[in-house]
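Visitor: I have a structure I would like to understand better, so I am pasting it below and will then ask my questions one at a time.
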Amino acid sequence: MSLKWHPYSLYETDTTRFWVHYGLVILGAVLALVTAVAQWRDPAPYGKHERKDQNWGPLIPQRLGHFLSDALPGVVLFVLVFVFYGTQNKNYINYIFLAMFLSHYVHRGIIHPLIMRYRNPRVAIGITLGGFFPNCLYHFVNADFIGSAEYH
């Protein structure tokens, strides 16, 4: 079944790829909802909520943590999924979206951690991983979509 009113086409509904993509979208929505509820009840010890009494793992340099949680999924994983998992018949619109996404995440994941003045130079690895894994999920879904959409 194809929706004719969209300016793009993506997946046939009877394929595994369709169910993987939209299954991950649903998983991401559930993860976001659970995280929001958990953060309202007990905020993670980061930024203004930082507390010394909680153990979220060993401390690593804040710049490294920021790089690991944003640049690896946002730049490296995104490009790998876009190039190798997306369809091979991309046109210039796919590459425009890739360039827009990468310009944002190169700044957010690489440039911003290098120029930012952190209040605390160290962060717990649990906080970094708490950003890394959801970012991997969301960037996979976005790269799959941007790399697979066929524009008419």
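Letters A, B, ... go to the chains of the structure tokens in the order shown; residues in each chain start at 1; ligands are counted from 1 in the same order.
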Among chain A, which residues carry a DSSP assignment of strand (DSSP E), reported as a ChimeraX atom specification?
Guide: /A:8-9,59-61,122-124,150-151
Visitor: Would you pick out the contacts of Leu68 of chain A at 9 Å or less, using only C-alpha atoms, so that residues sharing its chain but fewer than 3 positions from it are not included, and give the list as a list in words?
Guide: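 Returned residues: Arg63, Leu64, Gly65, Ala71, Leu72, Pro73, Gly109, Thr128, Leu129, Gly131 and Phe132 of chain A.
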Visitor: Deliver the residues from the most recent selection as a file, using C-alpha atoms, as a JSON list (two decimals), in the first residue's frame.
Guide:
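This is the output file result26.json:
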[["chain", "number", "residue", "atom", "x", "y", "z"],
["A", 63, "ARG", "CA", 34.48, 16.54, 26.72],
["A", 64, "LEU", "CA", 35.05, 12.84, 26.04],
["A", 65, "GLY", "CA", 31.62, 11.98, 27.44],
["A", 71, "ALA", "CA", 29.51, 12.55, 17.88],
["A", 72, "LEU", "CA", 29.78, 8.78, 17.61],
["A", 73, "PRO", "CA", 26.08, 8.13, 17.03],
["A", 109, "GLY", "CA", 29.23, 16.45, 18.93],
["A", 128, "THR", "CA", 27.29, 9.37, 28.96],
["A", 129, "LEU", "CA", 25.82, 5.94, 28.23],
["A", 131, "GLY", "CA", 22.78, 9.60, 26.08],
["A", 132, "PHE", "CA", 24.73, 7.22, 23.85]]
Visitor: From the list A:Leu24, A:Ala36, A:Val79, A:Ala149, which residue is nearest Asn91 of chain A when using only C-alpha atoms?
Guide: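 Among the listed residues, the smallest separation from Asn91 of chain A belongs to A:Ala149.
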Visitor: Between atom CA of His139 of chain A and atom CA of Gly74 of chain A, what is the distance, to one decimal in Å?
Guide: 6.2 Å
Visitor: From the set A:Pro113, A:Gly28, A:Pro43, A:Gly126, which residue has the shortest atom-to-atom contact distance to Trp56 of chain A, counting only C-alpha atoms?
Guide: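 The closest residue to Trp56 of chain A is A:Gly126.
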Visitor: In Å to one decimal, how far is atom CA of Phe82 of chain A from atom CA of Val141 of chain A?
Guide: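 Between atom CA of Val141 of chain A and atom CA of Phe82 of chain A the gap is 9.9 Å.
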Visitor: Show which residues sit within 10 Å of Val83 of chain A, as a PyMOL selection string. Count only C-alpha atoms, and ignore same-chain residues fewer than 6 positions away.
Guide: chain A and resi 77+90+143-144+147-148
Visitor: Closest to Val20 of chain A among A:Pro134, A:Phe140, A:Thr87, A:Glu150, using only C-alpha atoms?
Guide: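 Smallest distance to Val20 of chain A is found for A:Phe140.
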Visitor: For Phe145 of chain A, work out the shell of residues within 10 Å, counting only C-alpha atoms and skipping chain neighbours fewer than 6 positions away, then give it as a list in words.
Guide: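 After dropping sequence-adjacent residues, the list is Leu10, Tyr11, His21, Val81, Phe82, Tyr85, Gly86, Thr87, Asn94 and His139 of chain A.
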Visitor: How about saving the chosen residues, C-alpha atoms kept, as a PDB file, in the first residue's frame?
Guide:
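Contents of part-v3.pdb, as written:
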ATOM      1  CA  LEU A  10       9.826   4.538   1.804  1.00  0.00           C
ATOM      2  CA  TYR A  11       9.067   0.901   2.587  1.00  0.00           C
ATOM      3  CA  HIS A  21      12.025   0.669  11.172  1.00  0.00           C
ATOM      4  CA  VAL A  81      23.716   3.618   8.193  1.00  0.00           C
ATOM      5  CA  PHE A  82      23.019   6.205   5.479  1.00  0.00           C
ATOM      6  CA  TYR A  85      21.887   0.393   5.038  1.00  0.00           C
ATOM      7  CA  GLY A  86      19.963   2.913   2.961  1.00  0.00           C
ATOM      8  CA  THR A  87      18.898   2.181  -0.589  1.00  0.00           C
ATOM      9  CA  ASN A  94      18.919  12.591   0.280  1.00  0.00           C
ATOM     10  CA  HIS A 139      20.151   8.208  14.659  1.00  0.00           C
TER      11      HIS A 139
END
Visitor: Mind giving me the straight-line distance from atom CA of Leu102 of chain A to atom CA of Asn89 of chain A in Å, one decimal?
Guide: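 One can read the atom CA of Leu102 of chain A to atom CA of Asn89 of chain A distance as 20.2 Å.
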Visitor: Counting only C-alpha atoms, which of A:Ala99, A:Val106, A:Leu80, A:Leu59 gets nearest to Arg122 of chain A?
Guide: A:Leu59
